[in-house]
$ cat query.pdb   # PDB, C-alpha atoms, pLDDT in the B column
ATOM      1  CA  MET A   1     186.005  17.642 -82.440  1.00 86.00           C
ATOM      2  CA  PRO A   2     185.562  17.972 -78.665  1.00 92.00           C
ATOM      3  CA  ILE A   3     188.494  19.144 -76.561  1.00 96.00           C
ATOM      4  CA  ASP A   4     190.328  16.389 -74.715  1.00 97.00           C
ATOM      5  CA  LEU A   5     188.713  16.455 -71.272  1.00 97.00           C
ATOM      6  CA  ASP A   6     191.924  15.792 -69.339  1.00 97.00           C
ATOM      7  CA  LEU A   7     193.582  18.688 -71.164  1.00 97.00           C
ATOM      8  CA  LEU A   8     190.541  20.886 -70.490  1.00 97.00           C
ATOM      9  CA  LEU A   9     190.566  20.166 -66.754  1.00 97.00           C
ATOM     10  CA  GLN A  10     194.314  20.711 -66.559  1.00 98.00           C
ATOM     11  CA  ALA A  11     193.898  24.080 -68.283  1.00 98.00           C
ATOM     12  CA  TYR A  12     191.271  25.253 -65.788  1.00 98.00           C
ATOM     13  CA  ALA A  13     193.452  24.076 -62.910  1.00 97.00           C
ATOM     14  CA  ASN A  14     196.166  26.376 -64.249  1.00 98.00           C
ATOM     15  CA  GLY A  15     193.962  29.426 -64.780  1.00 98.00           C
ATOM     16  CA  ILE A  16     193.434  28.955 -68.529  1.00 98.00           C
ATOM     17  CA  PHE A  17     190.150  28.472 -70.375  1.00 98.00           C
ATOM     18  CA  PRO A  18     189.003  27.931 -73.999  1.00 97.00           C
ATOM     19  CA  MET A  19     187.194  30.371 -76.257  1.00 96.00           C
ATOM     20  CA  SER A  20     186.330  30.768 -79.918  1.00 95.00           C
ATOM     21  CA  ASP A  21     185.908  33.928 -81.973  1.00 90.00           C
ATOM     22  CA  ALA A  22     182.387  33.011 -83.100  1.00 88.00           C
ATOM     23  CA  ARG A  23     179.721  30.357 -82.818  1.00 87.00           C
ATOM     24  CA  ASP A  24     180.558  28.898 -86.239  1.00 85.00           C
ATOM     25  CA  ASP A  25     184.348  29.272 -85.913  1.00 90.00           C
ATOM     26  CA  PRO A  26     185.953  25.792 -85.869  1.00 89.00           C
ATOM     27  CA  GLU A  27     189.060  27.111 -84.110  1.00 93.00           C
ATOM     28  CA  THR A  28     189.362  27.032 -80.319  1.00 96.00           C
ATOM     29  CA  PHE A  29     192.109  28.947 -78.527  1.00 95.00           C
ATOM     30  CA  TRP A  30     193.283  29.229 -74.926  1.00 97.00           C
ATOM     31  CA  ILE A  31     192.879  32.370 -72.828  1.00 97.00           C
ATOM     32  CA  GLU A  32     194.958  33.480 -69.843  1.00 97.00           C
ATOM     33  CA  PRO A  33     193.777  37.029 -69.174  1.00 96.00           C
ATOM     34  CA  GLU A  34     195.924  39.634 -67.453  1.00 97.00           C
ATOM     35  CA  TYR A  35     193.005  40.492 -65.161  1.00 98.00           C
ATOM     36  CA  ARG A  36     190.316  38.184 -63.845  1.00 98.00           C
ATOM     37  CA  ALA A  37     186.800  38.782 -62.560  1.00 98.00           C
ATOM     38  CA  ILE A  38     185.688  36.896 -59.471  1.00 98.00           C
ATOM     39  CA  LEU A  39     182.598  37.200 -57.312  1.00 98.00           C
ATOM     40  CA  PRO A  40     183.455  36.872 -53.604  1.00 98.00           C
ATOM     41  CA  LEU A  41     180.762  34.645 -52.120  1.00 97.00           C
ATOM     42  CA  GLU A  42     180.429  36.905 -49.085  1.00 97.00           C
ATOM     43  CA  GLY A  43     180.231  39.952 -51.341  1.00 97.00           C
ATOM     44  CA  PHE A  44     177.207  39.147 -53.477  1.00 97.00           C
ATOM     45  CA  ARG A  45     175.223  42.375 -53.844  1.00 97.00           C
ATOM     46  CA  LEU A  46     171.585  41.644 -53.086  1.00 97.00           C
ATOM     47  CA  SER A  47     169.326  44.565 -53.987  1.00 97.00           C
ATOM     48  CA  LYS A  48     165.936  44.995 -52.333  1.00 97.00           C
ATOM     49  CA  SER A  49     164.156  44.354 -55.632  1.00 97.00           C
ATOM     50  CA  LEU A  50     166.109  41.158 -56.294  1.00 97.00           C
ATOM     51  CA  ALA A  51     165.504  39.950 -52.739  1.00 97.00           C
ATOM     52  CA  LYS A  52     161.772  40.552 -53.240  1.00 97.00           C
ATOM     53  CA  THR A  53     161.788  38.557 -56.484  1.00 97.00           C
ATOM     54  CA  ILE A  54     163.561  35.648 -54.809  1.00 98.00           C
ATOM     55  CA  ARG A  55     161.345  35.753 -51.725  1.00 96.00           C
ATOM     56  CA  GLN A  56     158.157  35.742 -53.784  1.00 95.00           C
ATOM     57  CA  GLY A  57     159.368  32.790 -55.869  1.00 96.00           C
ATOM     58  CA  ARG A  58     158.548  34.360 -59.220  1.00 96.00           C
ATOM     59  CA  PHE A  59     160.806  31.846 -60.952  1.00 97.00           C
ATOM     60  CA  THR A  60     161.069  28.122 -60.387  1.00 97.00           C
ATOM     61  CA  VAL A  61     164.787  27.427 -60.022  1.00 98.00           C
ATOM     62  CA  THR A  62     166.397  24.038 -60.685  1.00 97.00           C
ATOM     63  CA  ALA A  63     169.903  22.674 -61.135  1.00 98.00           C
ATOM     64  CA  ASP A  64     171.244  20.199 -63.679  1.00 98.00           C
ATOM     65  CA  THR A  65     167.844  19.517 -65.233  1.00 98.00           C
ATOM     66  CA  ALA A  66     168.465  21.161 -68.631  1.00 98.00           C
ATOM     67  CA  PHE A  67     172.231  21.493 -69.044  1.00 98.00           C
ATOM     68  CA  ALA A  68     172.304  20.948 -72.816  1.00 98.00           C
ATOM     69  CA  GLN A  69     169.510  23.488 -73.305  1.00 98.00           C
ATOM     70  CA  ILE A  70     171.288  26.025 -71.092  1.00 98.00           C
ATOM     71  CA  ILE A  71     174.618  25.861 -72.926  1.00 98.00           C
ATOM     72  CA  ALA A  72     172.885  25.826 -76.335  1.00 97.00           C
ATOM     73  CA  THR A  73     170.950  28.965 -75.407  1.00 96.00           C
ATOM     74  CA  CYS A  74     174.093  30.667 -74.066  1.00 96.00           C
ATOM     75  CA  ALA A  75     175.723  29.919 -77.435  1.00 94.00           C
ATOM     76  CA  GLU A  76     172.963  31.693 -79.371  1.00 91.00           C
ATOM     77  CA  SER A  77     173.341  35.278 -80.534  1.00 76.00           C
ATOM     78  CA  GLN A  78     171.272  37.752 -78.525  1.00 69.00           C
ATOM     79  CA  ASP A  79     170.290  41.399 -78.800  1.00 62.00           C
ATOM     80  CA  ASP A  80     173.265  42.468 -76.688  1.00 56.00           C
ATOM     81  CA  ARG A  81     175.795  40.215 -78.436  1.00 55.00           C
ATOM     82  CA  ARG A  82     175.838  39.290 -82.109  1.00 56.00           C
ATOM     83  CA  GLU A  83     178.539  36.649 -81.693  1.00 65.00           C
ATOM     84  CA  THR A  84     179.282  34.223 -78.900  1.00 82.00           C
ATOM     85  CA  TRP A  85     182.492  32.411 -78.028  1.00 92.00           C
ATOM     86  CA  ILE A  86     180.914  28.967 -77.541  1.00 96.00           C
ATOM     87  CA  ASN A  87     181.561  26.901 -80.658  1.00 95.00           C
ATOM     88  CA  PRO A  88     180.295  23.302 -81.119  1.00 96.00           C
ATOM     89  CA  ASP A  89     183.565  21.792 -79.809  1.00 97.00           C
ATOM     90  CA  ILE A  90     183.367  23.728 -76.528  1.00 98.00           C
ATOM     91  CA  GLU A  91     179.658  22.937 -76.235  1.00 98.00           C
ATOM     92  CA  GLU A  92     180.192  19.203 -76.725  1.00 98.00           C
ATOM     93  CA  SER A  93     183.151  19.129 -74.328  1.00 98.00           C
ATOM     94  CA  PHE A  94     181.081  20.705 -71.550  1.00 98.00           C
ATOM     95  CA  CYS A  95     178.180  18.351 -72.213  1.00 98.00           C
ATOM     96  CA  GLN A  96     180.628  15.492 -71.685  1.00 98.00           C
ATOM     97  CA  LEU A  97     181.864  17.101 -68.465  1.00 98.00           C
ATOM     98  CA  HIS A  98     178.252  17.409 -67.341  1.00 98.00           C
ATOM     99  CA  ALA A  99     177.727  13.702 -68.013  1.00 98.00           C
ATOM    100  CA  GLN A 100     180.703  13.075 -65.713  1.00 97.00           C
ATOM    101  CA  GLY A 101     179.147  15.215 -62.985  1.00 97.00           C
ATOM    102  CA  ARG A 102     181.785  17.954 -63.311  1.00 97.00           C
ATOM    103  CA  ALA A 103     179.879  20.674 -65.204  1.00 98.00           C
ATOM    104  CA  HIS A 104     176.630  22.033 -63.812  1.00 98.00           C
ATOM    105  CA  SER A 105     173.772  24.355 -64.688  1.00 98.00           C
ATOM    106  CA  VAL A 106     171.225  26.459 -62.842  1.00 98.00           C
ATOM    107  CA  GLU A 107     167.909  27.031 -64.599  1.00 98.00           C
ATOM    108  CA  CYS A 108     165.133  29.591 -64.132  1.00 98.00           C
ATOM    109  CA  TRP A 109     161.642  28.655 -65.342  1.00 98.00           C
ATOM    110  CA  LEU A 110     158.521  30.760 -65.739  1.00 98.00           C
ATOM    111  CA  ASP A 111     155.228  29.048 -66.564  1.00 97.00           C
ATOM    112  CA  GLY A 112     157.142  26.016 -67.783  1.00 97.00           C
ATOM    113  CA  ARG A 113     159.468  28.013 -70.059  1.00 98.00           C
ATOM    114  CA  LEU A 114     163.219  28.196 -69.615  1.00 98.00           C
ATOM    115  CA  VAL A 115     163.801  31.942 -69.268  1.00 98.00           C
ATOM    116  CA  GLY A 116     167.274  32.191 -67.759  1.00 97.00           C
ATOM    117  CA  GLY A 117     170.210  30.319 -66.387  1.00 98.00           C
ATOM    118  CA  LEU A 118     173.917  29.708 -66.287  1.00 98.00           C
ATOM    119  CA  TYR A 119     176.468  26.923 -66.467  1.00 98.00           C
ATOM    120  CA  GLY A 120     180.012  26.265 -65.337  1.00 98.00           C
ATOM    121  CA  LEU A 121     182.591  23.798 -64.100  1.00 98.00           C
ATOM    122  CA  ALA A 122     183.200  22.661 -60.520  1.00 98.00           C
ATOM    123  CA  MET A 123     186.670  21.596 -59.414  1.00 97.00           C
ATOM    124  CA  GLY A 124     187.758  21.275 -55.800  1.00 96.00           C
ATOM    125  CA  ARG A 125     186.308  24.283 -53.987  1.00 97.00           C
ATOM    126  CA  ALA A 126     186.265  26.410 -57.150  1.00 98.00           C
ATOM    127  CA  PHE A 127     183.404  27.023 -59.556  1.00 98.00           C
ATOM    128  CA  PHE A 128     184.243  28.419 -62.984  1.00 98.00           C
ATOM    129  CA  GLY A 129     181.224  30.321 -64.258  1.00 98.00           C
ATOM    130  CA  GLU A 130     181.138  30.163 -68.043  1.00 97.00           C
ATOM    131  CA  SER A 131     178.074  31.955 -69.377  1.00 96.00           C
ATOM    132  CA  MET A 132     174.549  33.022 -68.505  1.00 96.00           C
ATOM    133  CA  PHE A 133     171.455  34.271 -70.294  1.00 95.00           C
ATOM    134  CA  SER A 134     168.143  35.916 -69.486  1.00 95.00           C
ATOM    135  CA  ARG A 135     164.842  36.018 -71.363  1.00 95.00           C
ATOM    136  CA  GLU A 136     162.893  37.681 -68.528  1.00 97.00           C
ATOM    137  CA  THR A 137     163.794  40.559 -66.209  1.00 96.00           C
ATOM    138  CA  ASP A 138     166.041  39.396 -63.351  1.00 97.00           C
ATOM    139  CA  ALA A 139     166.149  35.751 -64.505  1.00 98.00           C
ATOM    140  CA  SER A 140     169.941  35.620 -64.787  1.00 96.00           C
ATOM    141  CA  LYS A 141     170.315  37.541 -61.514  1.00 98.00           C
ATOM    142  CA  VAL A 142     168.122  35.007 -59.729  1.00 98.00           C
ATOM    143  CA  ALA A 143     170.119  32.144 -61.252  1.00 98.00           C
ATOM    144  CA  LEU A 144     173.350  33.720 -60.037  1.00 98.00           C
ATOM    145  CA  ALA A 145     171.903  34.325 -56.564  1.00 98.00           C
ATOM    146  CA  TRP A 146     170.904  30.672 -56.303  1.00 98.00           C
ATOM    147  CA  LEU A 147     174.378  29.671 -57.513  1.00 98.00           C
ATOM    148  CA  VAL A 148     176.076  31.788 -54.842  1.00 98.00           C
ATOM    149  CA  ALA A 149     173.810  30.296 -52.157  1.00 98.00           C
ATOM    150  CA  ARG A 150     174.576  26.799 -53.472  1.00 98.00           C
ATOM    151  CA  LEU A 151     178.318  27.424 -53.388  1.00 98.00           C
ATOM    152  CA  LYS A 152     178.176  28.912 -49.891  1.00 97.00           C
ATOM    153  CA  ILE A 153     176.282  26.029 -48.325  1.00 97.00           C
ATOM    154  CA  GLY A 154     178.393  23.540 -50.261  1.00 97.00           C
ATOM    155  CA  GLY A 155     181.736  24.766 -48.930  1.00 96.00           C
ATOM    156  CA  PHE A 156     183.073  26.381 -52.116  1.00 97.00           C
ATOM    157  CA  GLU A 157     185.383  29.387 -51.796  1.00 97.00           C
ATOM    158  CA  LEU A 158     186.046  30.702 -55.324  1.00 98.00           C
ATOM    159  CA  LEU A 159     183.576  31.804 -58.005  1.00 98.00           C
ATOM    160  CA  ASP A 160     185.446  32.656 -61.182  1.00 98.00           C
ATOM    161  CA  CYS A 161     183.620  34.941 -63.626  1.00 98.00           C
ATOM    162  CA  GLN A 162     186.450  35.215 -66.199  1.00 96.00           C
ATOM    163  CA  PHE A 163     185.887  38.756 -67.570  1.00 96.00           C
ATOM    164  CA  MET A 164     184.333  41.737 -65.809  1.00 96.00           C
ATOM    165  CA  THR A 165     181.067  43.168 -67.135  1.00 95.00           C
ATOM    166  CA  ASP A 166     178.818  45.945 -65.832  1.00 95.00           C
ATOM    167  CA  HIS A 167     176.194  43.298 -65.049  1.00 94.00           C
ATOM    168  CA  LEU A 168     178.606  41.276 -62.895  1.00 96.00           C
ATOM    169  CA  ALA A 169     179.994  44.387 -61.216  1.00 97.00           C
ATOM    170  CA  SER A 170     176.472  45.413 -60.176  1.00 96.00           C
ATOM    171  CA  LEU A 171     176.166  42.065 -58.383  1.00 97.00           C
ATOM    172  CA  GLY A 172     179.432  42.383 -56.477  1.00 97.00           C
ATOM    173  CA  ALA A 173     182.084  41.013 -58.821  1.00 98.00           C
ATOM    174  CA  ILE A 174     185.580  42.457 -58.541  1.00 98.00           C
ATOM    175  CA  GLU A 175     188.608  42.409 -60.824  1.00 98.00           C
ATOM    176  CA  ILE A 176     191.983  41.079 -59.692  1.00 98.00           C
ATOM    177  CA  THR A 177     195.285  40.342 -61.405  1.00 98.00           C
ATOM    178  CA  GLN A 178     195.863  36.913 -62.883  1.00 98.00           C
ATOM    179  CA  GLY A 179     198.659  36.398 -60.350  1.00 98.00           C
ATOM    180  CA  ALA A 180     196.301  37.045 -57.439  1.00 98.00           C
ATOM    181  CA  TYR A 181     193.707  34.806 -59.062  1.00 98.00           C
ATOM    182  CA  LEU A 182     196.158  31.934 -59.376  1.00 98.00           C
ATOM    183  CA  LYS A 183     196.871  32.107 -55.641  1.00 98.00           C
ATOM    184  CA  LEU A 184     193.151  31.888 -54.860  1.00 98.00           C
ATOM    185  CA  LEU A 185     192.764  29.078 -57.368  1.00 98.00           C
ATOM    186  CA  LYS A 186     195.612  27.077 -55.875  1.00 97.00           C
ATOM    187  CA  SER A 187     194.040  27.377 -52.431  1.00 96.00           C
ATOM    188  CA  ALA A 188     190.612  26.327 -53.735  1.00 97.00           C
ATOM    189  CA  LEU A 189     192.043  23.281 -55.480  1.00 96.00           C
ATOM    190  CA  THR A 190     194.387  22.062 -52.762  1.00 89.00           C
ATOM    191  CA  THR A 191     192.599  22.649 -49.455  1.00 64.00           C
ATOM    192  CA  THR A 192     189.812  20.632 -47.914  1.00 56.00           C
ATOM    193  CA  GLY A 193     187.024  22.869 -46.731  1.00 51.00           C
ATOM    194  CA  GLN A 194     183.847  22.396 -44.778  1.00 48.00           C
ATOM    195  CA  PRO A 195     180.376  23.292 -45.976  1.00 46.00           C
ATOM    196  CA  SER A 196     179.000  26.554 -44.660  1.00 48.00           C
ATOM    197  CA  SER A 197     178.466  26.553 -40.920  1.00 42.00           C
ATOM    198  CA  GLY A 198     175.551  28.119 -39.097  1.00 44.00           C
ATOM    199  CA  LEU A 199     172.475  27.554 -41.213  1.00 42.00           C
ATOM    200  CA  ALA A 200     174.005  24.518 -42.921  1.00 40.00           C
ATOM    201  CA  SER A 201     174.613  22.744 -39.635  1.00 41.00           C
ATOM    202  CA  SER A 202     170.992  23.348 -38.654  1.00 37.00           C
ATOM    203  CA  LEU A 203     169.841  21.306 -41.626  1.00 37.00           C
ATOM    204  CA  ASP A 204     170.717  17.947 -40.047  1.00 36.00           C
ATOM    205  CA  GLY A 205     174.091  17.784 -41.746  1.00 35.00           C
ATOM    206  CA  ALA A 206     172.575  18.182 -45.196  1.00 35.00           C
ATOM    207  CA  ALA A 207     175.806  19.596 -46.588  1.00 36.00           C
ATOM    208  CA  GLY A 208     177.947  16.694 -45.478  1.00 36.00           C
ATOM    209  CA  SER A 209     181.469  16.975 -44.144  1.00 35.00           C
ATOM    210  CA  ALA A 210     183.825  16.174 -47.017  1.00 40.00           C
ATOM    211  CA  GLY A 211     184.496  19.643 -48.378  1.00 52.00           C
ATOM    212  CA  ALA A 212     182.807  21.235 -51.402  1.00 91.00           C
ATOM    213  CA  VAL A 213     179.495  19.556 -52.182  1.00 95.00           C
ATOM    214  CA  TRP A 214     177.544  20.745 -55.231  1.00 97.00           C
ATOM    215  CA  GLY A 215     174.355  19.005 -54.094  1.00 96.00           C
ATOM    216  CA  ALA A 216     174.332  20.363 -50.541  1.00 96.00           C
ATOM    217  CA  LEU A 217     171.608  22.884 -51.376  1.00 97.00           C
ATOM    218  CA  ASP A 218     169.424  20.168 -52.873  1.00 96.00           C
ATOM    219  CA  ASP A 219     169.763  18.162 -49.664  1.00 94.00           C
ATOM    220  CA  ALA A 220     168.887  21.228 -47.599  1.00 94.00           C
ATOM    221  CA  LEU A 221     165.835  22.006 -49.708  1.00 94.00           C
ATOM    222  CA  SER A 222     164.667  18.387 -49.533  1.00 91.00           C
ATOM    223  CA  ALA A 223     165.177  18.283 -45.788  1.00 87.00           C
ATOM    224  CA  GLY A 224     163.263  21.515 -45.341  1.00 76.00           C
ATOM    225  CA  ALA A 225     160.385  20.582 -47.621  1.00 69.00           C
ATOM    226  CA  GLY A 226     159.915  17.309 -45.806  1.00 60.00           C
ATOM    227  CA  ALA A 227     160.250  18.758 -42.326  1.00 52.00           C
ATOM    228  CA  SER A 228     156.530  19.162 -41.788  1.00 45.00           C
ATOM    229  CA  SER A 229     153.247  19.623 -43.586  1.00 42.00           C
ATOM    230  CA  ASP A 230     153.883  23.334 -44.058  1.00 44.00           C
ATOM    231  CA  GLY A 231     157.504  22.796 -45.101  1.00 45.00           C
ATOM    232  CA  PHE A 232     160.819  24.248 -43.932  1.00 43.00           C
ATOM    233  CA  SER A 233     159.733  24.712 -40.310  1.00 43.00           C
ATOM    234  CA  SER A 234     162.771  22.889 -38.913  1.00 43.00           C
ATOM    235  CA  THR A 235     165.156  25.190 -40.780  1.00 45.00           C
ATOM    236  CA  GLY A 236     163.561  28.375 -39.539  1.00 50.00           C
ATOM    237  CA  VAL A 237     162.445  29.472 -43.025  1.00 50.00           C
ATOM    238  CA  SER A 238     159.149  29.031 -44.813  1.00 58.00           C
ATOM    239  CA  SER A 239     160.058  28.667 -48.499  1.00 88.00           C
ATOM    240  CA  PRO A 240     162.963  27.861 -50.835  1.00 95.00           C
ATOM    241  CA  GLY A 241     163.343  31.561 -51.651  1.00 96.00           C
ATOM    242  CA  LYS A 242     163.656  32.508 -48.006  1.00 94.00           C
ATOM    243  CA  LEU A 243     166.253  29.787 -47.507  1.00 95.00           C
ATOM    244  CA  ILE A 244     168.260  31.245 -50.402  1.00 97.00           C
ATOM    245  CA  LEU A 245     168.037  34.733 -48.899  1.00 97.00           C
ATOM    246  CA  GLN A 246     169.153  33.442 -45.518  1.00 96.00           C
ATOM    247  CA  LEU A 247     172.187  31.789 -47.109  1.00 96.00           C
ATOM    248  CA  LEU A 248     173.022  34.924 -49.084  1.00 97.00           C
ATOM    249  CA  THR A 249     172.949  37.150 -45.993  1.00 94.00           C
ATOM    250  CA  GLN A 250     174.686  34.668 -43.713  1.00 88.00           C
ATOM    251  CA  THR A 251     178.327  35.552 -43.068  1.00 80.00           C
ATOM    252  CA  SER A 252     181.020  33.074 -42.150  1.00 65.00           C
TER
END
$ encode --input "query.pdb" --output "structure tokens"
Amino acid sequence: MPIDLDLLLQAYANGIFPMSDARDDPETFWIEPEYRAILPLEGFRLSKSLAKTIRQGRFTVTADTAFAQIIATCAESQDDRRETWINPDIEESFCQLHAQGRAHSVECWLDGRLVGGLYGLAMGRAFFGESMFSRETDASKVALAWLVARLKIGGFELLDCQFMTDHLASLGAIEITQGAYLKLLKSALTTTGQPSSGLASSLDGAAGSAGAVWGALDDALSAGAGASSDGFSSTGVSSPGKLILQLLTQTS
């Protein structure tokens, strides 16, 4: 049965998260790792090839349009992992959190096919990244880049990646002790921040002023697309991809 949502949120607020040993394992246990991977939002590593892919708009990127499909795909076995830790109870619990507006997904589409994406949980100014997948070269990297841009413009300050992998390290993730992580987490959950300044403020207040706003990027993209007949002229960029790149290279 699904995990009690209040218990699940309390666990994340205390640096603990659920896992299972396998997709078909009915048991769910709680993890508090000795070391934690995070991706500093100002430290995202944008390679020239990835920047080119984003700029050219090879993938259509959306958010919260296919959450159930994203988590179901993340739960499937893949060539690089025979077992996954997302059992049906965890999957259903996160679908319920998504229905409450707490869990979110980023999707990458190519010719109408879902080819990559990720999902996670937003609390305060923290985003807990849970899992990602890729069916086309760079699809998961693009999804993560869009996530980082979304968190930056929305006023988030902590992107939790749980465990370090070579893939995450190549994109700028670092490993810290659980004690150091808990300090960052406490700050992200107890302070009221402001959405990213600079570019965000040039978008007619699209990000709002009440701290972390998941939908701030959507507002910015809508404002830019409707700015003029050629789109995005009022923001100083000419496409969604270029807006993402500007957010990724903007420093606070």
$ atom_distance --input "query.pdb" --atom1 "CA of Ala99 (chain A)" --atom2 "CA of Ala72 (chain A)"
15.5 Å
$ closest_residue --input "query.pdb" --among "A:Ile3, A:Ala22, A:Ile176, A:Leu217" --to "Ala75 (chain A)" --atoms "only C-alpha atoms"
A:Ala22
$ atom_distance --input "query.pdb" --atom1 "CA of Ala212 (chain A)" --atom2 "CA of Glu34 (chain A)"
27.7 Å
$ residues_around --input "query.pdb" --residues "region 108-110 of chain A" --least-positions-apart "5" --cutoff "8 Å" --atoms "all atoms listed in the file" --output "ChimeraX atom specification"
/A:58-62,115-117,139-140,142-143
$ resolve_selection --input "query.pdb" --expression "the PyMOL selection byres ((chain A and resi 167) around 12)" --output "NGL selection string"
:A and (37 or 39 or 45 or 132-134 or 138 or 140-141 or 144 or 161 or 163-166 or 168-174)
$ atom_distance --input "query.pdb" --atom1 "CA of Gly154 (chain A)" --atom2 "CA of Leu121 (chain A)"
14.5 Å
$ resolve_selection --input "query.pdb" --expression "the PyMOL selection byres ((chain A and resi 90) around 10)" --output "list of chain:residue names"
A:Met1, A:Pro2, A:Ile3, A:Leu8, A:Pro18, A:Met19, A:Ser20, A:Arg23, A:Pro26, A:Thr28, A:Ile71, A:Ala75, A:Trp85, A:Ile86, A:Asn87, A:Pro88, A:Asp89, A:Glu91, A:Glu92, A:Ser93, A:Phe94, A:Cys95, A:Gln96
$ closest_residue --input "query.pdb" --among "A:Leu118, A:Phe29, A:Arg55, A:Ala223" --to "Lys242 (chain A)" --atoms "all atoms listed in the file"
A:Arg55
$ closest_residue --input "query.pdb" --among "A:Gly224, A:Gly241, A:Gly155, A:Gly124" --to "Leu41 (chain A)" --atoms "all atoms listed in the file"
A:Gly155
$ residues_near_point --input "query.pdb" --point "(174.3, 23.5, -65.8)" --cutoff "6 Å" --atoms "all atoms listed in the file" --output "list in words"
Asp64, Phe67, His104, Ser105, Val106 and Tyr119 of chain A
$ write_last_selection --input "query.pdb" --atoms "C-alpha atoms" --output "PDB file, in the coordinates of the input"
ATOM      1  CA  ASP A  64     171.244  20.199 -63.679  1.00 98.00           C
ATOM      2  CA  PHE A  67     172.231  21.493 -69.044  1.00 98.00           C
ATOM      3  CA  HIS A 104     176.630  22.033 -63.812  1.00 98.00           C
ATOM      4  CA  SER A 105     173.772  24.355 -64.688  1.00 98.00           C
ATOM      5  CA  VAL A 106     171.225  26.459 -62.842  1.00 98.00           C
ATOM      6  CA  TYR A 119     176.468  26.923 -66.467  1.00 98.00           C
TER       7      TYR A 119
END
$ closest_residue --input "query.pdb" --among "A:Pro240, A:Ala122, A:Thr84, A:Ala13" --to "Asp25 (chain A)" --atoms "all atoms listed in the file"
A:Thr84
$ resolve_selection --input "query.pdb" --expression "the PyMOL selection byres ((chain A and resi 177) around 8)" --output "PDB file with C-alpha atoms, in the frame of the given file"
ATOM      1  CA  GLU A  34     195.924  39.634 -67.453  1.00 97.00           C
ATOM      2  CA  TYR A  35     193.005  40.492 -65.161  1.00 98.00           C
ATOM      3  CA  ARG A  36     190.316  38.184 -63.845  1.00 98.00           C
ATOM      4  CA  GLU A 175     188.608  42.409 -60.824  1.00 98.00           C
ATOM      5  CA  ILE A 176     191.983  41.079 -59.692  1.00 98.00           C
ATOM      6  CA  GLN A 178     195.863  36.913 -62.883  1.00 98.00           C
ATOM      7  CA  GLY A 179     198.659  36.398 -60.350  1.00 98.00           C
ATOM      8  CA  ALA A 180     196.301  37.045 -57.439  1.00 98.00           C
ATOM      9  CA  TYR A 181     193.707  34.806 -59.062  1.00 98.00           C
TER      10      TYR A 181
END
$ closest_residue --input "query.pdb" --among "A:Leu243, A:Leu185, A:Leu159, A:Leu151" --to "Gly215 (chain A)" --atoms "all atoms listed in the file"
A:Leu151
$ axis_aligned_box --input "query.pdb" --around "region 60-69 of chain A" --padding-each-side "3 Å" --output "AutoDock Vina command-line options"
--center_x 166.7 --center_y 23.8 --center_z -66.7 --size_x 17.2 --size_y 14.6 --size_z 19.3
